[in-house]
Every structure is written in structure tokens, then in C-alpha cells.
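**Student:** Structure below; questions to follow.
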Amino acid sequence: MADPRFYCPDPVFAGQELALPAPLAHHIRVRRLEAGDTVVLFDGRGGEISGTLSFEGKKTLVLLGEHTPKEAELSGEITLIQALPAGDKMDWIIEKAVELGVHRVIPVAAQRSVLKLSGPRLIKRLEHWRGIITSASEQCGRNRLMSLSAPQSLEDAIAATAPEQRLLCHPEADHTLAEHISASHQQPKMIKALTLLIGPEGGWSPEETAVATRQGVARIKFGLRVLRTETAGLALVSAATALLGW
């Protein structure tokens, strides 16, 4: 059985004895880990370090060993611009985006988004989503945390991404993801960054589609069926990963 993995918000270095931050120490005690148990820590900067647990009163200590430059990132960077869906669907999208290797998620307050966030509610939801990123990274073996932006307009989200290979998912598009990649590049493995734009339950509005078109975003479809918003992005990420050899 693999040693339990934990994200540590404090920098970790080989050979140090580290007193763990209170939230992480509490988590380890809840897991009923004991002195002498081995854990794996990562701080999001890349790589991981195994260490041995010990306890001194209320302190939880880890004596760290050698740094292991282990990575589980994709060969290229995928940015997922996701219109805010209803309910807690964004929780699922963020968790699975981490598992699939997405580099960055940018939530968009689309015209047809049911979920509206602002003020304390927005702050609380962002903290919740970052907690999901941490937990998913611990589980799936990533040693770098996926980036998450605050919800913004579609225009601002597009402007925050590289201009190459920005694709908006639309059921009435003329070309599929595979056709677009094949037509755009003779050597798909030369592509190093990809941005996917996924609309809310009601789809992108005509105004939003026009905004994307003006900013050079291409439209693609994914097969013959209309996918739910919580399915479309994850399906496209998986397909792109395979098509690009990442």
C-alpha cells in the first residue's frame, strides 16, 4: 500500500525536521497515523519528500528524507474556461480536472449561468474549490497544484490565455476537435498549450459566441451528441490529451 500523501502549504526541504501547520497536523491525527509512520509531503513547487512522523505534545513533526523529483504533469498545458454550472457541479469538474492534468481552470460568470457568486459567498466557494484541488492532488499523485482563478467575464478569461489553440465547444460547430487539430497542425505534438471553453447548461449566448469569435477563438463540436456542461470539458480534455500525445 502506498504511503499517504499530503500537501504542505509551507516549503519543505530535504533533511529538515518540520513542525506541520495546525490544519495538516489535525488531518494526520484524524487519519490515526502513528509515530514512525511514513508520509509523503509536497508543497506544490514540484517533486515530493518522504518523511517519518513523530509527536511532541500538540506538535506533529516530520523528519524528511531526500527530495524525489517526481512529476505527474501533462506534456502541455490545458486551460479550461468553464462557465459556472448550477448546484455543486463545479466541485466535480474541478476534482476531475485535477485528476486529468488540467493546468488551470478559469470559471466564467456566463449570461446563462444559474449560479451567481459575489462577496463572502464567492470567497467561501473559492476556498472550498481550492480545498478540492488539494485533496485531488494528494489522491492522484500530482505534486503541483492546478491554478484556479476567480470567476470573471468571458472576454477577460479569453484575454488571460495564450492566443494559440483556443477552442469553444458548440454543438453546431462545423468541425470536431480531432478535425481541428489535424487541419491546424501537421505535427500535433508540437502544440504546447490548449484552451477549451465550455458553456453553462443553457449554452453560450449568441453575444458570448460573437465575443469569442472576435478574439480568434475557433468553434468545435464533440461528436453527434450534446454533452452536459459537467461532462463536455472533461471529455474534451481526455480526447485532447490522447490526440496530442500528452
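Every chain in the C-alpha cells takes a letter, A first, then B, and so on in the order presented; its residues are numbered from 1, and the ligands are numbered from 1 following the presented order.
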Write out as a ChimeraX atom specification each polymer residue whose atoms come within 9 Å of stretch 228-240 of chain A, counting only C-alpha atoms; drop sequence neighbours fewer than 3 positions from it.
**Tutor:** /A:78,80-83,85,89-90,92-93,96-97,100-102,169,177-178,181,194,196-203,222,243-246
**Student:** Residues at most 10 Å from A:Arg130, counting only C-alpha atoms, excluding those fewer than 3 positions away in the same chain, as a short mmCIF file (atom, residue, chain, number, x, y, z; two decimals) with C-alpha atoms, in the first residue's frame?
**Tutor:**
data_model
loop_
_atom_site.label_atom_id
_atom_site.label_comp_id
_atom_site.auth_asym_id
_atom_site.auth_seq_id
_atom_site.Cartn_x
_atom_site.Cartn_y
_atom_site.Cartn_z
CA ASP A 91 -16.93 20.63 -7.43
CA ILE A 94 -12.57 20.82 -10.56
CA GLU A 95 -11.81 17.47 -8.93
CA ARG A 125 -16.68 28.97 -2.58
CA LEU A 126 -13.14 29.70 -3.83
CA GLU A 127 -11.70 28.35 -0.56
CA ILE A 133 -7.74 20.85 -5.64
CA THR A 134 -5.53 19.98 -2.69
CA SER A 135 -7.36 16.76 -1.88
CA ALA A 136 -7.48 15.66 -5.52
CA LEU A 145 -1.43 22.40 -7.68
CA MET A 146 -3.79 23.26 -10.52
CA SER A 147 -4.31 27.00 -10.82
CA LEU A 148 -7.79 28.39 -10.15
#
**Student:** Pick from A:Gly47, A:Pro11, A:Pro171, A:Pro163: nearest to A:Gly216, with only C-alpha atoms counted?
**Tutor:**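 That would be A:Pro163, the residue with the smallest distance to A:Gly216.
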**Student:** Please provide as a list in words all residues within 7 Å of A:Val40, with the sequence filter that same-chain residues fewer than 3 positions apart are discarded (counting only C-alpha atoms).
**Tutor:** Asp3, Pro4, Arg5, Phe6, Glu48, Ile49, Ser50 and Gly51 of chain A
**Student:** Atom CA of A:Arg45 to atom CA of A:Arg104: how many Å, to one decimal?
**Tutor:**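 That distance, rounded to one decimal, is 15.3 Å.
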**Student:** Based on DSSP run over this structure's backbone, return all residues of stretch 138-241 of chain A in helix (DSSP H, G or I), as number ranges by chain.
**Tutor:** A: 138-140, 154-159, 177-184, 188-190, 206-214, 229-241
**Student:** For atom CA of A:Ser113 and atom CA of A:Glu164, determine how far apart the two atoms are, in Å to one decimal place.
**Tutor:**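 Atom-to-atom, atom CA of A:Ser113 to atom CA of A:Glu164, that is 26.4 Å.
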**Student:** Of the candidates A:Ile123, A:Val105, A:Val39, A:Ala110, which one gets nearest to A:Thr161 if we count only C-alpha atoms?
**Tutor:**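 Counting only C-alpha atoms, the residue closest to A:Thr161 is A:Val105.
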**Student:** Name all residues at most 12 Å from stretch 28-35 of chain A (count only C-alpha atoms; drop same-chain ones fewer than 5 positions away) and give them as a short mmCIF file (atom, residue, chain, number, x, y, z; two decimals) with C-alpha atoms, in the first residue's frame.
**Tutor:**
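Once everything was written out, this is around-v3.cif:
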data_model
loop_
_atom_site.label_atom_id
_atom_site.label_comp_id
_atom_site.auth_asym_id
_atom_site.auth_seq_id
_atom_site.Cartn_x
_atom_site.Cartn_y
_atom_site.Cartn_z
CA ASP A 3 2.34 5.85 1.81
CA PRO A 4 -0.26 8.59 2.46
CA ARG A 5 0.40 11.85 0.62
CA PHE A 6 -0.25 15.33 1.99
CA TYR A 7 0.04 18.84 0.61
CA CYS A 8 2.00 21.15 2.91
CA LEU A 20 3.45 20.70 10.46
CA PRO A 21 0.87 23.51 10.24
CA ALA A 22 -2.11 23.02 12.55
CA PRO A 23 -4.68 22.07 9.86
CA VAL A 40 4.89 11.85 1.65
CA LEU A 41 4.78 15.66 1.56
CA GLY A 51 9.36 11.57 5.97
CA THR A 52 8.83 9.88 9.31
CA LEU A 53 6.20 11.08 11.76
CA SER A 54 6.76 11.88 15.43
CA PHE A 55 4.70 13.69 18.05
CA GLU A 56 5.72 16.09 20.82
CA LYS A 58 0.45 19.01 20.48
CA LYS A 59 3.15 19.21 17.81
CA THR A 60 3.22 16.89 14.82
CA LEU A 61 6.71 16.59 13.38
CA VAL A 62 8.08 15.03 10.21
CA LEU A 63 11.74 14.16 9.71
#
**Student:** Mind giving me the straight-line distance from atom CA of A:Gly119 to atom CA of A:Ala159 in Å, one decimal?
**Tutor:**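 According to the coordinates, atom CA of A:Gly119 and atom CA of A:Ala159 are separated by 23.8 Å.
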**Student:** Would you kindly return, as a ChimeraX atom specification, each protein, DNA or RNA residue with an atom no farther than 8 Å from any atom of A:Leu154, considering only C-alpha atoms and excluding same-chain residues fewer than 2 positions away?
**Tutor:** /A:108-110,152,156-158,208,211-212
